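Content type compact mmCIF, C-alpha atoms, from the file protein-v4.txt:
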```txt
# COMPACT_ATOMS: atom_id res chain seq x y z
CA MET A 2 149.43 -21.43 -9.76
CA SER A 3 148.15 -23.18 -6.65
CA ALA A 4 150.97 -25.71 -7.00
CA LEU A 5 153.51 -22.89 -7.20
CA LEU A 6 152.03 -21.17 -4.17
CA SER A 7 152.12 -24.45 -2.27
CA ARG A 8 155.79 -24.83 -3.25
CA LEU A 9 156.41 -21.26 -2.09
CA LYS A 10 154.79 -21.98 1.26
CA THR A 11 156.97 -25.08 1.70
CA LEU A 12 160.28 -23.68 0.51
CA LEU A 13 160.37 -19.98 1.14
CA PRO A 14 160.48 -19.77 4.95
CA ALA A 15 163.37 -22.24 5.25
CA GLN A 16 165.30 -20.77 2.33
CA PHE A 17 164.65 -17.27 3.60
CA GLN A 18 166.05 -18.06 7.05
CA GLU A 19 169.11 -19.85 5.65
CA LEU A 20 169.92 -17.11 3.16
CA THR A 21 169.33 -14.37 5.72
CA HIS A 22 171.69 -16.12 8.12
CA ARG A 23 174.29 -16.59 5.40
CA TYR A 24 174.23 -13.02 4.10
CA GLY A 25 173.19 -11.03 7.14
CA LEU A 26 170.71 -8.93 5.13
CA PRO A 27 170.91 -5.30 6.36
CA PRO A 28 167.59 -4.08 7.82
CA GLU A 29 167.42 -1.11 5.45
CA TYR A 30 167.01 -3.52 2.53
CA ILE A 31 163.60 -4.63 3.83
CA ALA A 32 160.67 -2.22 3.82
CA GLN A 33 158.94 -1.62 7.12
CA ASN A 34 156.06 -4.08 7.68
CA ALA A 35 157.13 -5.98 4.55
CA SER A 36 155.60 -9.36 3.95
CA GLN A 37 157.86 -12.38 3.83
CA THR A 38 157.46 -12.48 0.05
CA GLU A 39 158.67 -8.87 -0.21
CA ALA A 40 161.51 -9.54 2.21
CA ALA A 41 162.54 -12.63 0.24
CA ILE A 42 162.62 -10.62 -2.98
CA ALA A 43 164.86 -8.03 -1.31
CA LEU A 44 167.11 -10.77 0.01
CA LEU A 45 167.49 -12.45 -3.37
CA ARG A 46 168.43 -9.12 -4.94
CA TYR A 47 170.96 -8.46 -2.20
CA ALA A 48 172.43 -11.95 -2.62
CA GLY A 49 172.68 -11.32 -6.36
CA GLN A 50 174.75 -8.19 -5.68
CA ARG A 51 177.06 -10.08 -3.33
CA GLU A 52 177.51 -13.05 -5.68
CA PRO A 53 177.48 -11.65 -9.24
CA ASN A 54 179.05 -14.84 -10.59
CA ALA A 55 176.60 -17.24 -8.96
CA PRO A 56 174.76 -19.37 -11.53
CA ASP A 57 171.17 -18.25 -12.29
CA LEU A 58 170.81 -15.87 -9.34
CA PRO A 59 171.65 -12.54 -11.06
CA GLN A 60 169.43 -13.45 -14.02
CA LEU A 61 166.52 -14.23 -11.70
CA CYS A 62 167.03 -10.94 -9.89
CA ALA A 63 166.93 -9.14 -13.27
CA LEU A 64 163.59 -10.79 -14.03
CA LEU A 65 162.27 -9.61 -10.67
CA ASP A 66 163.30 -6.08 -11.56
CA GLU A 67 161.20 -6.24 -14.72
CA ILE A 68 158.01 -6.78 -12.67
CA SER A 69 156.89 -3.25 -11.81
CA PRO A 70 153.73 -2.05 -10.08
CA LEU A 71 150.73 -1.73 -12.41
CA PRO A 72 148.70 1.54 -12.41
CA ASP A 73 145.43 1.52 -10.59
CA GLU A 74 142.32 1.40 -12.77
CA ILE A 75 139.25 3.62 -12.32
CA ASP A 76 137.16 0.57 -11.71
CA PRO A 77 138.44 -0.83 -8.39
CA LEU A 78 137.62 -4.42 -9.26
CA PRO A 79 139.94 -4.60 -12.31
CA ALA A 80 142.63 -2.91 -10.22
CA ILE A 81 142.26 -5.50 -7.50
CA ARG A 82 142.37 -8.26 -10.06
CA GLN A 83 145.49 -6.74 -11.65
CA LYS A 84 147.23 -6.38 -8.27
CA ARG A 85 146.25 -9.90 -7.33
CA ARG A 86 147.68 -11.22 -10.61
CA ARG A 87 150.84 -9.16 -10.05
CA TRP A 88 151.41 -10.51 -6.55
CA LEU A 89 150.59 -14.05 -7.59
CA GLY A 90 153.17 -13.62 -10.36
CA LEU A 91 155.69 -12.31 -7.86
CA ALA A 92 154.94 -15.19 -5.52
CA ALA A 93 155.43 -17.69 -8.35
CA MET A 94 158.69 -16.01 -9.34
CA VAL A 95 159.92 -16.06 -5.77
CA ALA A 96 158.99 -19.73 -5.48
CA VAL A 97 161.16 -20.49 -8.51
CA CYS A 98 163.91 -18.23 -7.18
CA ALA A 99 163.76 -19.92 -3.79
CA ALA A 100 164.06 -23.37 -5.32
CA LEU A 101 166.96 -22.35 -7.56
CA ALA A 102 168.62 -20.28 -4.85
CA GLY A 103 168.30 -23.27 -2.56
CA GLY A 104 170.28 -25.35 -5.05
CA TRP A 105 172.76 -22.50 -5.46
CA TYR A 106 173.09 -22.25 -1.71
CA VAL A 107 173.82 -25.98 -1.39
CA THR A 108 176.41 -25.76 -4.17
CA ARG A 109 177.95 -22.70 -2.59
CA ASP A 110 177.98 -24.37 0.82
CA ALA A 111 179.66 -27.42 -0.73
CA ASP A 112 182.30 -25.12 -2.26
CA LEU A 113 182.83 -23.54 1.14
CA SER A 114 183.21 -26.97 2.72
CA GLN A 115 185.77 -28.01 0.10
CA GLU A 116 187.75 -24.80 0.59
CA MET A 117 187.65 -25.32 4.35
CA ARG A 118 188.89 -28.89 3.96
CA THR A 119 191.79 -27.69 1.80
CA ALA A 120 192.84 -25.20 4.48
CA GLN A 121 192.47 -27.80 7.22
CA ASP A 122 194.49 -30.37 5.25
CA PHE A 123 197.38 -27.92 5.03
CA LEU A 124 197.09 -27.21 8.75
CA HIS A 125 196.99 -30.89 9.73
CA GLN A 126 200.07 -31.58 7.59
CA GLY A 127 202.14 -28.85 9.21
CA GLU A 128 201.97 -26.58 6.15
CA TYR A 129 201.12 -23.50 8.16
CA ALA A 130 201.84 -20.77 5.59
CA PRO A 131 199.66 -22.37 2.87
CA ALA A 132 196.97 -23.01 5.50
CA ARG A 133 197.00 -19.35 6.49
CA ASP A 134 196.75 -18.31 2.84
CA GLU A 135 193.77 -20.62 2.22
CA TYR A 136 191.96 -19.29 5.30
CA ALA A 137 192.68 -15.74 4.11
CA LYS A 138 191.01 -16.54 0.76
CA LEU A 139 188.00 -17.90 2.63
CA LEU A 140 187.73 -14.73 4.69
CA GLN A 141 187.83 -12.59 1.55
CA LYS A 142 184.85 -14.51 0.19
CA HIS A 143 183.05 -14.88 3.52
CA PRO A 144 183.98 -11.95 5.81
CA GLY A 145 183.49 -12.71 9.47
CA HIS A 146 183.24 -16.47 9.01
CA ARG A 147 184.10 -17.68 12.51
CA GLN A 148 185.66 -21.02 11.64
CA ALA A 149 187.79 -19.49 8.88
CA GLN A 150 188.90 -16.67 11.20
CA ALA A 151 189.84 -19.13 13.96
CA GLY A 152 191.77 -21.25 11.45
CA PHE A 153 193.59 -18.20 10.09
CA ASP A 154 194.58 -17.01 13.57
CA LYS A 155 195.89 -20.43 14.57
CA ALA A 156 197.76 -21.04 11.30
CA GLU A 157 199.43 -17.63 11.53
CA ALA A 158 200.44 -18.22 15.15
CA LEU A 159 201.97 -21.60 14.26
CA ARG A 160 203.67 -20.18 11.18
CA THR A 161 205.45 -17.46 13.13
CA ILE A 162 207.17 -20.11 15.25
CA VAL A 163 208.00 -22.49 12.41
CA GLN A 164 209.56 -19.75 10.29
CA ASP A 165 212.46 -19.69 12.78
CA VAL A 166 213.36 -23.33 12.06
CA PRO A 167 215.61 -22.87 8.97
CA THR A 168 218.03 -20.70 10.92
CA GLY A 169 218.55 -23.28 13.65
CA GLY A 170 218.36 -20.35 16.04
CA PHE A 171 215.85 -21.71 18.51
CA SER A 172 216.06 -20.17 21.95
CA ALA A 173 214.88 -22.59 24.62
CA SER A 174 213.30 -19.93 26.78
CA ASN A 175 211.70 -17.97 23.93
CA SER A 176 210.35 -21.03 22.12
CA GLU A 177 208.87 -22.64 25.21
CA VAL A 178 207.19 -19.39 26.23
CA ARG A 179 205.62 -19.05 22.79
CA VAL A 180 204.45 -22.66 22.78
CA LYS A 181 202.92 -22.38 26.24
CA ASP A 182 201.14 -19.20 25.19
CA LEU A 183 199.67 -21.03 22.21
CA GLN A 184 198.57 -23.93 24.39
CA ALA A 185 196.82 -21.49 26.72
CA ARG A 186 195.02 -19.92 23.75
CA TYR A 187 194.16 -23.27 22.17
CA PRO A 188 193.72 -25.85 24.95
CA ALA A 189 193.29 -29.48 23.89
CA ASP A 190 194.21 -28.63 20.28
CA ALA A 191 195.90 -31.38 18.24
CA ASP A 192 197.65 -29.02 15.79
CA VAL A 193 199.14 -26.97 18.62
CA ALA A 194 200.29 -30.16 20.37
CA VAL A 195 202.09 -31.22 17.18
CA LEU A 196 203.88 -27.89 16.95
CA ALA A 197 204.84 -28.14 20.63
CA GLY A 198 206.27 -31.59 19.90
CA ARG A 199 208.26 -30.20 17.00
CA VAL A 200 209.73 -27.39 19.09
CA TYR A 201 210.64 -29.71 21.96
CA GLN A 202 212.26 -32.09 19.49
CA LEU A 203 214.39 -29.31 18.01
CA LEU A 204 215.39 -28.35 21.54
CA GLY A 205 216.52 -31.93 22.17
CA GLN A 206 213.72 -32.68 24.66
CA THR A 207 212.65 -35.96 23.07
CA ALA A 208 210.49 -37.18 25.98
CA ALA A 209 208.48 -33.97 25.99
CA ALA A 210 208.21 -34.11 22.20
CA ASN A 211 206.91 -37.68 22.29
CA GLN A 212 204.35 -36.74 24.95
CA GLN A 213 203.04 -33.89 22.79
CA TYR A 214 202.75 -36.07 19.68
CA GLN A 215 200.90 -38.74 21.67
CA SER A 216 198.58 -36.08 23.09
CA ALA A 217 197.81 -34.91 19.56
CA LEU A 218 196.98 -38.47 18.47
CA ALA A 219 194.73 -38.95 21.49
CA LEU A 220 192.73 -35.97 20.23
CA GLN A 221 192.94 -36.86 16.54
CA PRO A 222 194.20 -40.43 15.94
CA GLU A 223 194.90 -40.07 12.21
CA LEU A 224 196.54 -36.64 12.32
CA PRO A 225 199.35 -37.10 9.75
CA GLU A 226 201.76 -34.51 11.15
CA ALA A 227 201.68 -36.19 14.56
CA HIS A 228 202.66 -39.53 12.99
CA PHE A 229 205.33 -37.69 11.01
CA GLY A 230 206.68 -36.21 14.25
CA LEU A 231 206.90 -39.68 15.83
CA SER A 232 208.74 -40.90 12.73
CA LEU A 233 211.33 -38.14 13.17
CA LEU A 234 211.93 -39.21 16.74
CA ALA A 235 212.39 -42.79 15.54
CA LEU A 236 214.79 -41.65 12.82
CA ASP A 237 216.87 -39.77 15.39
CA ARG A 238 217.43 -43.03 17.28
CA GLN A 239 217.92 -44.89 13.95
CA ASP A 240 214.85 -47.06 14.50
CA TYR A 241 213.98 -47.18 10.82
CA ALA A 242 211.33 -49.88 11.12
CA GLN A 243 209.38 -47.83 13.67
CA ALA A 244 209.81 -44.68 11.59
CA GLN A 245 208.55 -46.52 8.52
CA GLN A 246 205.45 -47.71 10.37
CA ALA A 247 204.58 -44.17 11.48
CA LEU A 248 205.22 -42.75 8.02
CA GLN A 249 203.02 -45.32 6.33
CA VAL A 250 200.12 -44.11 8.49
CA ALA A 251 200.89 -40.50 7.56
CA VAL A 252 201.13 -41.31 3.84
CA LYS A 253 197.85 -43.22 3.97
CA THR A 254 196.14 -40.06 5.21
CA ALA A 255 198.11 -37.64 3.00
CA PRO A 256 199.35 -39.61 -0.04
CA LEU A 257 200.53 -36.53 -1.95
CA ASN A 258 202.63 -35.03 0.85
CA VAL A 259 206.17 -35.10 -0.52
CA ARG A 260 207.83 -34.63 2.88
CA TYR A 261 206.16 -37.81 4.10
CA LEU A 262 207.04 -39.71 0.92
CA ASP A 263 210.64 -38.50 1.09
CA ASN A 264 211.11 -39.71 4.66
CA LEU A 265 209.36 -43.00 3.89
CA ALA A 266 211.81 -43.55 1.01
CA TYR A 267 214.68 -42.71 3.39
CA THR A 268 213.61 -45.50 5.77
CA PHE A 269 213.84 -47.98 2.88
CA LEU A 270 217.23 -46.51 1.95
CA MET A 271 218.63 -46.92 5.44
CA GLN A 272 217.33 -50.49 5.70
CA GLY A 273 219.10 -51.47 2.49
CA ASN A 274 215.98 -51.79 0.33
CA TYR A 275 217.43 -49.60 -2.40
CA ALA A 276 215.07 -50.66 -5.19
CA GLU A 277 212.02 -49.72 -3.12
CA ALA A 278 213.71 -46.48 -2.07
CA GLN A 279 214.29 -45.57 -5.72
CA GLN A 280 210.62 -46.21 -6.54
CA GLN A 281 209.47 -44.06 -3.63
CA TYR A 282 211.80 -41.20 -4.57
CA GLN A 283 210.70 -41.33 -8.21
CA ALA A 284 207.05 -41.26 -7.16
CA ALA A 285 207.72 -38.23 -4.96
CA LEU A 286 209.55 -36.44 -7.78
CA ARG A 287 206.61 -37.00 -10.10
CA ILE A 288 204.47 -35.13 -7.57
CA ASP A 289 206.97 -32.34 -6.95
CA PRO A 290 210.12 -32.14 -9.10
CA ASP A 291 211.15 -28.92 -7.33
CA PHE A 292 211.70 -30.58 -3.93
CA LEU A 293 215.51 -30.65 -4.00
CA LEU A 294 216.28 -32.99 -1.11
CA LEU A 295 214.80 -35.84 -3.16
CA TYR A 296 217.65 -35.60 -5.69
CA GLN A 297 220.36 -35.99 -3.04
CA GLU A 298 218.77 -39.00 -1.40
CA MET A 299 217.80 -40.71 -4.66
CA ALA A 300 221.43 -40.34 -5.79
CA LEU A 301 222.43 -42.23 -2.64
CA ALA A 302 219.96 -45.01 -3.48
CA TYR A 303 221.71 -45.53 -6.83
CA TRP A 304 225.17 -45.08 -5.35
CA PHE A 305 224.58 -47.69 -2.65
CA GLN A 306 223.49 -50.15 -5.33
CA GLY A 307 226.74 -49.62 -7.21
CA GLU A 308 225.11 -47.52 -9.97
CA ILE A 309 227.51 -44.65 -9.46
CA GLU A 310 227.21 -43.08 -12.94
CA THR A 311 223.43 -42.70 -12.47
CA ALA A 312 224.05 -41.27 -9.00
CA MET A 313 226.55 -38.76 -10.36
CA ASP A 314 224.09 -37.58 -13.02
CA GLY A 315 221.54 -36.89 -10.28
CA LEU A 316 224.09 -35.04 -8.14
CA GLN A 317 225.18 -32.85 -11.05
CA ARG A 318 221.55 -31.96 -11.68
CA LEU A 319 221.11 -31.12 -8.00
CA ARG A 320 224.26 -28.96 -8.03
CA LYS A 321 222.72 -26.85 -10.79
CA HIS A 322 219.36 -26.67 -9.01
CA LEU A 323 221.08 -25.38 -5.87
CA GLY A 324 222.37 -22.48 -7.95
CA ASP A 325 218.87 -21.57 -9.14
CA GLU A 326 217.47 -18.81 -6.91
CA ARG A 327 213.92 -19.57 -8.00
CA LEU A 328 214.22 -23.09 -6.58
CA THR A 329 216.31 -22.32 -3.52
CA GLY A 330 213.93 -19.49 -2.64
CA LEU A 331 211.00 -21.86 -2.25
CA GLN A 332 209.99 -22.42 1.36
CA LYS A 333 210.18 -26.20 1.03
CA ASN A 334 213.84 -25.92 -0.01
CA GLN A 335 214.74 -23.61 2.86
CA THR A 336 213.90 -26.18 5.53
CA PRO A 337 216.80 -28.12 7.06
CA TRP A 338 218.12 -31.34 5.55
CA MET A 339 218.29 -33.95 8.30
CA PHE A 340 220.24 -37.20 7.96
CA THR A 341 220.96 -40.09 10.30
CA GLN A 342 223.35 -42.29 8.28
CA ALA A 343 226.45 -40.88 9.99
CA ASP A 344 227.62 -41.84 13.49
CA ALA A 345 225.45 -39.02 14.87
CA PRO A 346 222.44 -37.22 13.30
CA VAL A 347 223.46 -34.34 11.03
CA THR A 348 221.30 -31.33 10.17
CA LEU A 349 222.25 -29.00 7.33
CA TYR A 350 220.52 -25.67 7.91
CA GLU A 351 222.08 -23.27 5.44
CA LEU A 352 222.09 -23.28 1.64
CA ALA A 353 225.89 -23.27 1.80
CA ASP A 354 225.77 -26.46 3.91
CA LYS A 355 223.64 -28.22 1.28
CA ARG A 356 225.89 -27.06 -1.57
CA CYS A 357 228.90 -28.24 0.42
CA TYR A 358 227.45 -31.75 0.92
CA VAL A 359 226.59 -32.09 -2.78
CA ARG A 360 230.09 -31.04 -3.86
CA TYR A 361 231.75 -33.41 -1.41
CA SER A 362 229.46 -36.17 -2.72
CA LEU A 363 230.54 -35.41 -6.28
CA SER A 364 234.17 -35.31 -5.17
CA ALA A 365 233.86 -38.74 -3.54
CA GLY A 366 232.06 -40.16 -6.57
CA PHE A 367 234.75 -38.98 -8.97
CA TYR A 368 237.38 -40.44 -6.64
CA LEU A 369 235.72 -43.85 -6.78
CA LEU A 370 235.61 -43.58 -10.57
CA GLY A 371 239.37 -42.89 -10.59
CA LYS A 372 239.01 -39.28 -11.77
CA LEU A 373 241.33 -37.72 -9.20
CA GLU A 374 241.53 -34.24 -10.72
CA LYS A 375 237.77 -33.92 -10.70
CA ALA A 376 237.67 -35.25 -7.16
CA GLN A 377 240.14 -32.61 -5.99
CA GLU A 378 238.31 -29.86 -7.92
CA PHE A 379 234.98 -30.50 -6.21
CA ALA A 380 236.60 -30.98 -2.80
CA LYS A 381 238.19 -27.52 -3.17
CA GLN A 382 234.83 -26.05 -4.22
CA ALA A 383 233.22 -27.52 -1.12
CA GLN A 384 235.93 -26.09 1.13
CA ALA A 385 235.77 -22.67 -0.56
CA LEU A 386 232.12 -22.33 0.47
CA LYS A 387 233.22 -22.06 4.13
CA ALA A 388 229.88 -23.54 5.08
CA PRO A 389 228.94 -23.50 8.78
CA GLY A 390 227.91 -27.14 8.46
CA GLU A 391 231.01 -28.36 6.60
CA ALA A 392 232.01 -30.79 9.34
CA GLY A 393 228.59 -32.41 9.16
CA ALA A 394 228.77 -32.63 5.35
CA ARG A 395 232.15 -34.37 5.55
CA ALA A 396 230.85 -36.81 8.16
CA LEU A 397 227.93 -37.66 5.87
CA VAL A 398 230.17 -38.28 2.86
CA LYS A 399 232.42 -40.62 4.84
CA ALA A 400 229.36 -42.56 6.03
CA ASP A 401 228.06 -42.70 2.45
CA LEU A 402 231.41 -44.07 1.25
CA ARG A 403 231.35 -46.82 3.87
CA ARG A 404 227.88 -47.90 2.78
CA ALA A 405 228.80 -47.71 -0.91
CA ALA A 406 231.82 -49.93 -0.23
CA GLN A 407 229.46 -52.60 1.10
CA ALA A 408 227.87 -52.79 -2.38
CA GLU A 409 231.20 -52.74 -4.22
CA PRO A 410 234.10 -54.36 -2.32
CA ARG A 411 236.54 -52.88 -4.86
CA TRP A 412 235.68 -49.47 -3.45
CA GLN A 413 236.74 -50.30 0.10
CA VAL A 414 240.35 -49.22 -0.35
CA ALA A 415 239.34 -46.11 -2.28
CA ALA A 416 236.84 -45.15 0.40
CA ALA A 417 239.53 -45.34 3.06
CA ALA A 418 241.97 -43.41 0.87
CA TYR A 419 239.52 -40.61 0.20
CA ALA A 420 239.88 -39.44 3.80
CA ARG A 421 243.50 -38.63 3.02
CA LEU A 422 242.37 -36.44 0.12
CA LEU A 423 240.36 -34.46 2.65
CA GLY A 424 243.44 -34.06 4.82
CA GLU A 425 242.16 -36.30 7.60
```
Structure translated into structure tokens:
Amino acid sequence: MSALLSRLKTLLPAQFQELTHRYGLPPEYIAQNASQTEAAIALLRYAGQREPNAPDLPQLCALLDEISPLPDEIDPLPAIRQKRRRWLGLAAMVAVCAALAGGWYVTRDADLSQEMRTAQDFLHQGEYAPARDEYAKLLQKHPGHRQAQAGFDKAEALRTIVQDVPTGGFSASNSEVRVKDLQARYPADADVAVLAGRVYQLLGQTAAANQQYQSALALQPELPEAHFGLSLLALDRQDYAQAQQALQVAVKTAPLNVRYLDNLAYTFLMQGNYAEAQQQYQAALRIDPDFLLLYQEMALAYWFQGEIETAMDGLQRLRKHLGDERLTGLQKNQTPWMFTQADAPVTLYELADKRCYVRYSLSAGFYLLGKLEKAQEFAKQAQALKAPGEAGARALVKADLRRAAQAEPRWQVAAAAYARLLGE
């Protein structure tokens, strides 16, 4: 018993303070002039109510409930002895509870840390909607948690700006005002600097975008989304080696981020390393087979190597996927498709634009295979979509044909003739 009481004396004050801070025990749960032992018992019971699924804690609280006051005896000495035994028993029980609750608290704190890291990882990778959702889950479990609340507020603010991207409807004045408001609310914040860089890039202000990405890296050197932003700037100027370098840093930090892997594969594709591009695309598809852009670009990797039948199989699969509302409704498939293989960068914003590009790609592939009726059929399908980005889709297909002709000289004449099929 003396050993247990010694353990109680060592553990209970620290555990009591930590648990009180964690749970914010309401004053009415502690009797007036209660001893620390009595207060600790009340706290453990309260914690058990708040965390009914916590290991061991509810069971320990149930055992505490079984210890009830003993009736006083006529002889005061036996009564004193009984009370002393009762309180020593309570003290021993609380010592055990404190030790076990301490372990439970550490485990619970580790769970909280892991959940916080998950939310932060989404935030640092520009996945603002999932970050907001993770912070919301944290707040449900831990109401009033300051760091979770701050993360939720920031993720939601960033998300409301990014959700405008798929429409391509950025207003220079509106976007800059919103970004400056965020920077005022979150000064010297790396995530906000990355978003500012993204907005400036979409507005065509590449110098300002670069400055924001560099500012973010000065605050957080390994921030993956900042490196990704720099890679996009490099891709816009067709500096594929520089883009690849930035993306390799991003992938090292976030190896399962399919957007980063997709763009890294694209840098290999544009530098003519088609075998490596295929491996990178396949690796990305193993992580996320629902990310549709991968199918289009991987088809190009096969096409540019002269493996046109394999490329056509991939494009046909993609054509079907683009008709699946479950897949096209996913946020990751509503973001723009951006390409730089044409004479000027092309961005396909709308679903119709993406369907148009795939059908023109199929049309061109069938033309190279000598299947003219099929080529005309898919060209008509592409035109019937009346896609806002049709001109961009046609420019991409012509650029793809030129590159494919480099792999197969016999296709050079056909590639030039295909323009006539399009009426150009």
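The gap separating atom CA of Gln202 of chain A from atom CA of Val180 of chain A is 12.7 Å, in Å to one decimal.
Summary of the local environment: counting all atoms listed in the file, residues at most 10 Å from Leu286 of chain A, other than itself and those fewer than 4 positions away along its chain, are Val259, Leu262, Asp263, Gln280, Gln281, Tyr282, Pro290, Asp291, Phe292, Leu293, Leu295, Tyr296 and Met299 of chain A.
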Practice item. Do a neighbour search on Val359 of chain A at 12 Å with all atoms listed in the file, toss out local chain neighbours closer than 4 positions, and write the hits as a ChimeraX atom specification. Key: /A:293-294,296-298,300-301,312-324,338,349,352-355,363-366,379-380,382-384,386,391,394-395,397-398,401
Write the residues of the selection above to a file with C-alpha atoms, as a tab-separated table (two decimals), keeping the file's coordinate frame.
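Written out: result35.tsv:
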```
chain	number	residue	atom	x	y	z
A	293	LEU	CA	215.51	-30.65	-4.00
A	294	LEU	CA	216.28	-32.99	-1.11
A	296	TYR	CA	217.65	-35.60	-5.69
A	297	GLN	CA	220.36	-35.99	-3.04
A	298	GLU	CA	218.77	-39.00	-1.40
A	300	ALA	CA	221.43	-40.34	-5.79
A	301	LEU	CA	222.43	-42.23	-2.64
A	312	ALA	CA	224.05	-41.27	-9.00
A	313	MET	CA	226.55	-38.76	-10.36
A	314	ASP	CA	224.09	-37.58	-13.02
A	315	GLY	CA	221.54	-36.89	-10.28
A	316	LEU	CA	224.09	-35.04	-8.14
A	317	GLN	CA	225.18	-32.85	-11.05
A	318	ARG	CA	221.55	-31.96	-11.68
A	319	LEU	CA	221.11	-31.12	-8.00
A	320	ARG	CA	224.26	-28.96	-8.03
A	321	LYS	CA	222.72	-26.85	-10.79
A	322	HIS	CA	219.36	-26.67	-9.01
A	323	LEU	CA	221.08	-25.38	-5.87
A	324	GLY	CA	222.37	-22.48	-7.95
A	338	TRP	CA	218.12	-31.34	5.55
A	349	LEU	CA	222.25	-29.00	7.33
A	352	LEU	CA	222.09	-23.28	1.64
A	353	ALA	CA	225.89	-23.27	1.80
A	354	ASP	CA	225.77	-26.46	3.91
A	355	LYS	CA	223.64	-28.22	1.28
A	363	LEU	CA	230.54	-35.41	-6.28
A	364	SER	CA	234.17	-35.31	-5.17
A	365	ALA	CA	233.86	-38.74	-3.54
A	366	GLY	CA	232.06	-40.16	-6.57
A	379	PHE	CA	234.98	-30.50	-6.21
A	380	ALA	CA	236.60	-30.98	-2.80
A	382	GLN	CA	234.83	-26.05	-4.22
A	383	ALA	CA	233.22	-27.52	-1.12
A	384	GLN	CA	235.93	-26.09	1.13
A	386	LEU	CA	232.12	-22.33	0.47
A	391	GLU	CA	231.01	-28.36	6.60
A	394	ALA	CA	228.77	-32.63	5.35
A	395	ARG	CA	232.15	-34.37	5.55
A	397	LEU	CA	227.93	-37.66	5.87
A	398	VAL	CA	230.17	-38.28	2.86
A	401	ASP	CA	228.06	-42.70	2.45
```
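In this model, the gap between atom CA of Gly145 of chain A and atom CA of Glu116 of chain A comes to 15.6 Å.
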Revision key, fill the gap. Of A:Asp289, A:Glu128, A:Asp240, A:Glu223, the one sitting nearest Met271 of chain A when using all atoms listed in the file is A:Asp240
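Interatomic distance, atom CA of Leu231 of chain A to atom CA of Pro256 of chain A: 17.6 Å.
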Check your understanding: Given the choices A:Lys372, A:Thr348, A:Arg404, A:Gln245, which gets closest to Pro389 of chain A if the distance is worked out from all atoms listed in the file?
Key -> A:Thr348
Revision key, fill the gap. Using all atoms listed in the file, the residue out of A:Gln342, A:Thr119, A:Gln283, A:Ser176 with shortest distance to Leu270 of chain A is A:Gln342
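Among the candidate residues A:Gln126, A:Tyr419, A:Glu378, A:Ala343, the one lying nearest to Arg360 of chain A is A:Glu378, with distances computed using all atoms listed in the file.
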Review point. Leaving out Ala242 of chain A and any residue of its chain fewer than 2 positions from it, which residues lie within 10 Å of it when counting all atoms listed in the file, given as a PyMOL selection string?
Key: chain A and resi 232+235-236+239-240+244-248+268-269+271-272
May I have the centre and edge lengths, in Å to one decimal, of an axis-aligned box around the listed atoms of segment 246-258 of chain A with 4 Å added to every side, as lines of an AutoDock Vina configuration file?
```
center_x = 200.8
center_y = -41.4
center_z = 4.8
size_x = 17.3
size_y = 20.7
size_z = 21.4
```
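Distances from A:Leu124, A:Ala417, A:Leu139, A:Met117 to Glu157 of chain A were compared using only C-alpha atoms, and the smallest one belongs to A:Leu124.
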